[in-house]
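J.: First the structure, then my questions, so here it is.
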2 protein chains.
Amino acid sequence: MAEGTKRQARKIPEATVARLPLYLRSLLEAAGDGTPTISSERLAELSGVNAAKVRKDLSYLGSYGTRGVGYDVEYLLFQMSRELGLTKDWHVVIAGLGNLGHALANYGGFGDRGFPVAALVDADPRVVGTDINGITVRHVDELGDIATEHHIAIGIIATPAAAAQEVADRMIAAGVSSILNFAPTIVTVPPEVSLRKVDLAVELQILSFYQQRKAAADGAGARLAAAEAAPKPPS
Amino acid sequence: MAEGTKRQARKIPEATVARLPLYLRSLLEAAGDGTPTISSERLAELSGVNAAKVRKDLSYLGSYGTRGVGYDVEYLLFQMSRELGLTKDWHVVIAGLGNLGHALANYGGFGDRGFPVAALVDADPRVVGTDINGITVRHVDELGDIATEHHIAIGIIATPAAAAQEVADRMIAAGVSSILNFAPTIVTVPPEVSLRKVDLAVELQILSFYQQRKAAADGAGARLAAAEAAPKPPS
DNA sequence: GCTCGCTTGTGACCACGTGAACAAGCGGCG
DNA sequence: CGCCGCTTGTTCACGTGGTCACAAGCGAGC
């Protein structure tokens, strides 16, 4: 116990981690209805996955269910919140206050879910100093002070693509170790920093691909085949 | 060839499809610099993946490279755009004009990338009739007319969670067959409809999980272990 | 025209995640 | 107190995706 090797936390697969928030939301819903216990099957239905996966995912957290009965909703909520690190608030900073950044700053849903927006930064002098949802926008150069001042660990990048890497670097230098990137570009970070990205254009293009396939299936095969047979480019 | 079985298009793995837009963006960047050809290694670097994966992904589209040289940027751009269905515009409708919907409607990036916003709908009578970015918001009841009128195949849901399923159902009834859901809830659709979801709170919670792990690794193991040993809920 | 270096395309292998099936175990009922 | 139904937790088989390594093939240079 007092060994030099610290006890390794259970290894939870990434795919499972990505589903935990879904379960959490479903559990909150069930708790709101006053349901005392919930079966894996019901939880699966609410979360849009299948029951076997739910049980396996939950088993990574521990054996919190009761055979023949199900899972105690409140208890599971507590354990899951703890595992997800939601027992404390995580202050976030939003960088870039264009259309999207503005919307994110105004969106109250973050604070409700334990992610209060503690600070806003931008590089544009016309935006710096303005007030959004009660928070004054400060200059991106002040990131270091802001981050230590508010104990910020999570940063959201909503800048244009060209500025994203620069902003990410500054955030990391300021001690931010988790970044959510909305800018349509690749941002590289050191391995100890977590990075997730959300790209709206990419999502639409993926939908477009399948839409295209559906359209092509409706008898447009010939045209497609012809295009495929097009000669290589001029050498 | 004139068989009853229509020629099956190459099967492209979902994971590959999700990366194609990244390659496309990198190729556009390279084309902007005037680069005539690009190697898989360079393309990998620009897209943030590894070279072997790039080659395998591109090979699903066909043998469009030249050994010893690389890929012709313009030609590959053309082939990829065609495969992704980006040779034509896809008109989209946005449902729900709260903070996020508003930002999406104002965001010019969609039109530029071939996804012009053709219509806006909302259920709130105070919002219906207002003008956003030159488009008049119409009532969600008119979805059927609007969809056929504008040939809309892609819908974006930016409503509150409670309304999302209802809106999705209406979109599908109106002929929309691809949906991008921003509402924090599970939406179920028939199998022939494509659905993708983006949930900001979920993304933050995933980051929170890993942040929590990092924090726990810094000597807070004892407290964690204690919490884990907590007794089961009152029976 | 031949060789050599470079880059693609692909086959084999491995890891991970998924889905089904089943034993273990809990609570309720007779 | 023992049986029975129900639900979990786990095991096993499978499919998908990722990585590596290498043969195939193209172009340049001599």
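FYI, nothing fancy with the structure tokens labels: chains A, B, ... in order, residues from 1 per chain, ligands from 1 as they appear.
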Run DSSP on the backbone and give me the residues of region 21-120 of chain B it puts in strand (DSSP E or B), as a PDB file with C-alpha atoms, in the first residue's frame.

T.:
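Output file selection_0.pdb follows:
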ATOM      1  CA  THR B  37       2.243  17.135 -56.105  1.00  0.00           C
ATOM      2  CA  ILE B  38       2.208  15.927 -52.526  1.00  0.00           C
ATOM      3  CA  GLY B  65      -0.980   8.377 -56.919  1.00  0.00           C
ATOM      4  CA  THR B  66       2.220   7.939 -58.874  1.00  0.00           C
ATOM      5  CA  GLY B  70       3.296  11.332 -54.968  1.00  0.00           C
ATOM      6  CA  TYR B  71      -0.247  12.523 -55.605  1.00  0.00           C
ATOM      7  CA  ASP B  72      -1.201  15.252 -58.071  1.00  0.00           C
ATOM      8  CA  VAL B  92     -29.398  23.074 -45.389  1.00  0.00           C
ATOM      9  CA  VAL B  93     -32.126  24.124 -43.022  1.00  0.00           C
ATOM     10  CA  ILE B  94     -31.414  25.166 -39.451  1.00  0.00           C
ATOM     11  CA  ALA B  95     -34.093  24.481 -36.848  1.00  0.00           C
ATOM     12  CA  VAL B 117     -28.176  27.896 -45.443  1.00  0.00           C
ATOM     13  CA  ALA B 118     -31.401  27.928 -47.420  1.00  0.00           C
ATOM     14  CA  ALA B 119     -33.938  28.248 -44.652  1.00  0.00           C
ATOM     15  CA  LEU B 120     -34.441  28.829 -40.950  1.00  0.00           C
TER      16      LEU B 120
END

J.: Set out as JSON lines a contact list for chain D and chain A with a cut-off of 8 Å, giving each residue of chain D that qualifies its closest atom pair and distance in Å to one decimal, counting only C-alpha atoms (C1' of nucleotides), ordered by chain and rising residue number.

T.:
{"residue": "D:DC6", "atom": "C1'", "partner": "A:Gly68", "partner_atom": "CA", "distance": 4.6}
{"residue": "D:DT7", "atom": "C1'", "partner": "A:Gly68", "partner_atom": "CA", "distance": 4.0}
{"residue": "D:DT8", "atom": "C1'", "partner": "A:Arg67", "partner_atom": "CA", "distance": 4.6}
{"residue": "D:DG9", "atom": "C1'", "partner": "A:Ser59", "partner_atom": "CA", "distance": 7.1}

J.: Let me see the file: selected residues, N, CA and C atoms (P, O5', C5', C4', C3', O3' and C1' of nucleotides), as a compact mmCIF listing (two decimals), in the first residue's frame.

T.:
# COMPACT_ATOMS: atom_id res chain seq x y z
P DC D 6 -38.88 -13.31 -14.98
O5' DC D 6 -38.01 -12.04 -14.55
C5' DC D 6 -38.01 -11.59 -13.20
C4' DC D 6 -36.68 -10.94 -12.89
C3' DC D 6 -36.00 -10.27 -14.10
O3' DC D 6 -35.61 -8.97 -13.73
C1' DC D 6 -34.49 -11.71 -12.99
P DT D 7 -35.29 -7.86 -14.88
O5' DT D 7 -33.77 -7.54 -14.59
C5' DT D 7 -33.38 -7.19 -13.28
C4' DT D 7 -31.88 -7.31 -13.18
C3' DT D 7 -31.10 -6.76 -14.37
O3' DT D 7 -30.06 -5.93 -13.91
C1' DT D 7 -30.38 -8.93 -13.87
P DT D 8 -29.10 -5.17 -14.94
O5' DT D 8 -27.69 -5.56 -14.33
C5' DT D 8 -27.48 -5.43 -12.94
C4' DT D 8 -26.42 -6.40 -12.49
C3' DT D 8 -25.01 -6.10 -13.02
O3' DT D 8 -24.10 -6.11 -11.93
C1' DT D 8 -25.62 -8.35 -13.51
P DG D 9 -22.73 -5.30 -12.05
O5' DG D 9 -21.72 -6.43 -12.56
C5' DG D 9 -21.37 -7.47 -11.67
C4' DG D 9 -20.60 -8.54 -12.42
C3' DG D 9 -19.37 -8.05 -13.19
O3' DG D 9 -18.33 -8.98 -12.92
C1' DG D 9 -20.78 -9.26 -14.64

J.: Can you work out which one of D:DC3, D:DG27, D:DG17, D:DT10 has the shortest atom-to-atom distance to DC22 (chain C), counting only C-alpha atoms (C1' of nucleotides)?

T.: D:DT10

J.: Which residues of chain A are close to chain B, meaning at most 6 Å apart when you count only C-alpha atoms, and how do they look as a list in words?

T.: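 Listing them in order of chain and number gives Pro21, Leu84, Gly85, Asn99, Leu100, Ala103, Val202, Ser208, Phe209 and Gln212 of chain A.
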
J.: Near DG18 (chain D), within 12 Å and counting only C-alpha atoms (C1' of nucleotides), which residues show up once chain neighbours fewer than 6 positions away are dropped, as an NGL selection string?

T.: (:B and (15-16 or 49-54 or 56-57)) or (:C and (13-16))

J.: Filtering to N, CA and C atoms (P, O5', C5', C4', C3', O3' and C1' of nucleotides), could you give me those residues as a compact mmCIF listing (two decimals), in the first residue's frame?

T.:
# COMPACT_ATOMS: atom_id res chain seq x y z
N ALA B 15 -14.37 5.03 -40.53
CA ALA B 15 -13.24 5.78 -39.98
C ALA B 15 -12.52 6.55 -41.08
N THR B 16 -12.44 5.93 -42.26
CA THR B 16 -11.80 6.60 -43.39
C THR B 16 -12.62 7.79 -43.86
N VAL B 49 -2.27 12.81 -39.15
CA VAL B 49 -2.38 11.35 -39.05
C VAL B 49 -1.06 10.76 -39.51
N ASN B 50 -0.96 9.43 -39.57
CA ASN B 50 0.32 8.89 -40.05
C ASN B 50 0.24 8.45 -41.51
N ALA B 51 1.41 8.36 -42.12
CA ALA B 51 1.48 8.23 -43.57
C ALA B 51 0.84 6.96 -44.10
N ALA B 52 1.02 5.86 -43.36
CA ALA B 52 0.47 4.59 -43.83
C ALA B 52 -1.06 4.68 -43.90
N LYS B 53 -1.64 5.33 -42.91
CA LYS B 53 -3.09 5.47 -42.88
C LYS B 53 -3.56 6.31 -44.06
N VAL B 54 -2.82 7.36 -44.35
CA VAL B 54 -3.17 8.21 -45.49
C VAL B 54 -3.21 7.37 -46.77
N LYS B 56 -3.51 4.16 -47.18
CA LYS B 56 -4.59 3.18 -47.20
C LYS B 56 -5.94 3.86 -47.44
N ASP B 57 -6.13 4.98 -46.79
CA ASP B 57 -7.38 5.72 -46.97
C ASP B 57 -7.56 6.12 -48.43
P DC C 13 0.68 -13.26 -41.03
O5' DC C 13 0.66 -12.26 -39.80
C5' DC C 13 1.81 -11.43 -39.55
C4' DC C 13 1.45 -10.35 -38.56
C3' DC C 13 0.73 -10.88 -37.30
O3' DC C 13 1.39 -10.35 -36.15
C1' DC C 13 -0.46 -9.06 -38.22
P DC C 14 1.13 -11.02 -34.72
O5' DC C 14 0.55 -9.76 -33.94
C5' DC C 14 1.16 -8.47 -34.13
C4' DC C 14 0.22 -7.40 -33.62
C3' DC C 14 -0.51 -7.75 -32.32
O3' DC C 14 -0.41 -6.67 -31.42
C1' DC C 14 -2.06 -7.06 -33.96
P DA C 15 -0.71 -6.91 -29.88
O5' DA C 15 -1.75 -5.75 -29.60
C5' DA C 15 -1.55 -4.46 -30.17
C4' DA C 15 -2.84 -3.69 -30.19
C3' DA C 15 -3.67 -3.81 -28.92
O3' DA C 15 -4.13 -2.52 -28.57
C1' DA C 15 -4.99 -4.42 -30.78
P DC C 16 -4.78 -2.26 -27.13
O5' DC C 16 -6.20 -1.69 -27.52
C5' DC C 16 -6.36 -0.93 -28.71
C4' DC C 16 -7.78 -1.04 -29.19
C3' DC C 16 -8.81 -1.06 -28.06
O3' DC C 16 -9.64 0.07 -28.19
C1' DC C 16 -9.28 -2.72 -29.71

J.: I'd like the contact shell of DG30 (chain C) - 12 Å cut-off, only C-alpha atoms (C1' of nucleotides), skipping same-chain residues fewer than 6 positions apart - returned as an MDAnalysis selection string.

T.: chainID D and resid 1:4

J.: Residues of chain C within 12 Å of chain A, counting only C-alpha atoms (C1' of nucleotides), what are they? List them as a ChimeraX atom specification.

T.: /C:16-21,24-28
